Amino acid sequence: MNQQRLRLAFVGRLRAKHIGVLGVVVLTACLQYPVTALAQQPAAPAAPAAKGTLPVHSELPAADGKDTVMKVCSKCHSPNLILANPRNRQGWEETITKMSGLGAMATDDEFTTILEYLAKNIVPPINVNKAPTTILMSDLALTDKEADAVVAYRTKNGDFKSLDDLKKVPDVDAKKLDDKKDHIVF
Ligand code: HEC
């Protein structure tokens with residue numbers, strides 16, 4: 001924590017020096033948003049309103065921690081930039097570290113709250129019929145054994161069609177699947 005403070009102080013000085021450059025970068029990042037957002041929308045499902053259709057958010061989804069994200073993360077840029085860049089927990093950890101390096105200020109508790117919110121709500125869609133074991137592990141938090149079981153099951157039985165289908169895989173923790181159900185696609 002002290003280290004973080006020290007680093008922040010250091011970056012603060014850096015930032016003061018390069019504030020002009022940063023401003024341009026933020027502006028550029030914001031200008032790029034509409035394009036990035038469009039590019040990252042999940043493909044429209046073939047069948048209308050099927051299960052597994054991802055909600056398309058125009059603002060951060062309401063959930064615990066949203067207020068903290070809004071407070072801390074919308075100081076320099078629109079939260080749309082967050083929405084447009086879904087990533088897994090590790091990705092969000094790295095992003096938060098990067099943002100704190102750029103000058104984002106929050107207590108440790110607030111950063112933890114933000115990480116929990118983002119890792120739960122702003123994650124990329126996971127296609128459980130195509131994702132390799134590495135993605136199943138990183139994005140669904142499955143163990144290597146569970147990920148292997150999912151791949152073995154779909155290889156033998158064909159594509160999963162629903163969450164219930166996916167839950168038929170033996171020895172996979174159903175709670176993990178429920179946790180991520182809004183982000184699983186088939
Ligand atoms: C002190 C200003 C500042 C604050 C506060 C801030 N950011 Fe940023 N953010 C930036 C700048 C500058 C960029 C563009 C630079 C870049 O992309 O490297 C950026 C870009 C981003 C991007 C897109 C680029 C990438 O790395 O994917 C994401 C996502 C992001 N911020 C998330 C967050 C989150 C989450 C928070 C809250 C913890 C936050 N930001 C708070 C300055 C800030």
# chains A, B, ... in the order shown; residues from 1 in each chain; ligands from 1

$ residues_around --residues "Ala104 of chain A" --least-positions-apart "6" --cutoff "9 Å" --atoms "only C-alpha atoms" --output "PDB file with C-alpha atoms, in the first residue's frame"
ATOM      1  CA  LEU A   8       1.108   7.449  -7.088  1.00  0.00           C
ATOM      2  CA  VAL A  72     -13.569   6.911  -9.120  1.00  0.00           C
ATOM      3  CA  CYS A  73     -13.495   5.959 -12.779  1.00  0.00           C
ATOM      4  CA  LYS A  75     -13.196  11.509 -13.327  1.00  0.00           C
ATOM      5  CA  CYS A  76     -11.073  11.434 -16.484  1.00  0.00           C
ATOM      6  CA  ILE A  96      -6.912  -0.768 -12.482  1.00  0.00           C
ATOM      7  CA  LYS A  98      -2.647   1.099 -15.010  1.00  0.00           C
TER       8      LYS A  98
END

$ residues_around --residues "segment 66-71 of chain A" --least-positions-apart "6" --cutoff "8 Å" --atoms "only C-alpha atoms" --output "compact mmCIF listing (two decimals) with C-alpha atoms, in the first residue's frame"
# COMPACT_ATOMS: atom_id res chain seq x y z
CA LEU A 60 -22.88 0.44 -16.52
CA PRO A 79 -17.60 5.08 -18.21
CA GLU A 110 -12.64 1.15 -3.20
CA THR A 113 -14.94 -2.98 -4.83
CA ILE A 114 -14.26 -1.71 -8.34
CA TYR A 117 -17.77 -5.06 -9.90

$ residues_around --residues "Lys168 of chain A" --least-positions-apart "2" --cutoff "12 Å" --atoms "only C-alpha atoms" --output "list in words"
Ala149, Val150, Tyr153, Arg154, Asn157, Phe160, Lys161, Ser162, Leu163, Asp164, Asp165, Leu166, Pro170, Asp171, Val172, Asp173, Ala174 and Leu177 of chain A

$ write_last_selection --atoms "C-alpha atoms" --output "compact mmCIF listing (two decimals), in the first residue's frame"
# COMPACT_ATOMS: atom_id res chain seq x y z
CA ALA A 149 -14.33 -31.99 -18.59
CA VAL A 150 -16.27 -29.32 -20.52
CA TYR A 153 -18.14 -33.44 -22.98
CA ARG A 154 -18.74 -31.17 -25.97
CA ASN A 157 -21.88 -34.91 -27.28
CA PHE A 160 -24.18 -27.15 -25.63
CA LYS A 161 -27.48 -25.44 -26.31
CA SER A 162 -28.33 -24.00 -22.91
CA LEU A 163 -27.03 -23.47 -19.41
CA ASP A 164 -28.86 -26.59 -18.29
CA ASP A 165 -27.03 -28.51 -20.97
CA LEU A 166 -23.74 -27.16 -19.71
CA PRO A 170 -20.00 -34.09 -14.53
CA ASP A 171 -17.82 -32.59 -11.80
CA VAL A 172 -18.22 -28.95 -12.82
CA ASP A 173 -19.24 -26.55 -10.06
CA ALA A 174 -22.71 -25.34 -11.15
CA LEU A 177 -21.67 -21.37 -14.20

$ closest_residue --among "A:Asn85, A:Lys176, A:Thr95, A:Ala106" --to "Thr143 of chain A" --atoms "only C-alpha atoms"
A:Lys176

$ closest_residue --among "A:Arg89, A:Leu115, A:Lys180, A:Glu59" --to "ligand 1" --atoms "only C-alpha atoms and all ligand atoms"
A:Leu115

$ closest_residue --among "A:Asp148, A:Asp178, A:Asp64, A:Glu116" --to "Trp92 of chain A" --atoms "only C-alpha atoms"
A:Glu116

$ closest_residue --among "A:Thr155, A:Asn127, A:Ser138, A:Ser74" --to "ligand 1" --atoms "only C-alpha atoms and all ligand atoms"
A:Ser74

$ closest_residue --among "A:Asp179, A:Asp139, A:Glu146, A:Asp109" --to "ligand 1" --atoms "only C-alpha atoms and all ligand atoms"
A:Asp109

$ select_by_dssp --residues "segment 76-161 of chain A" --states "helix (DSSP H, G or I)" --output "ChimeraX atom specification"
/A:80-83,89-102,108-121,133-140,144-157
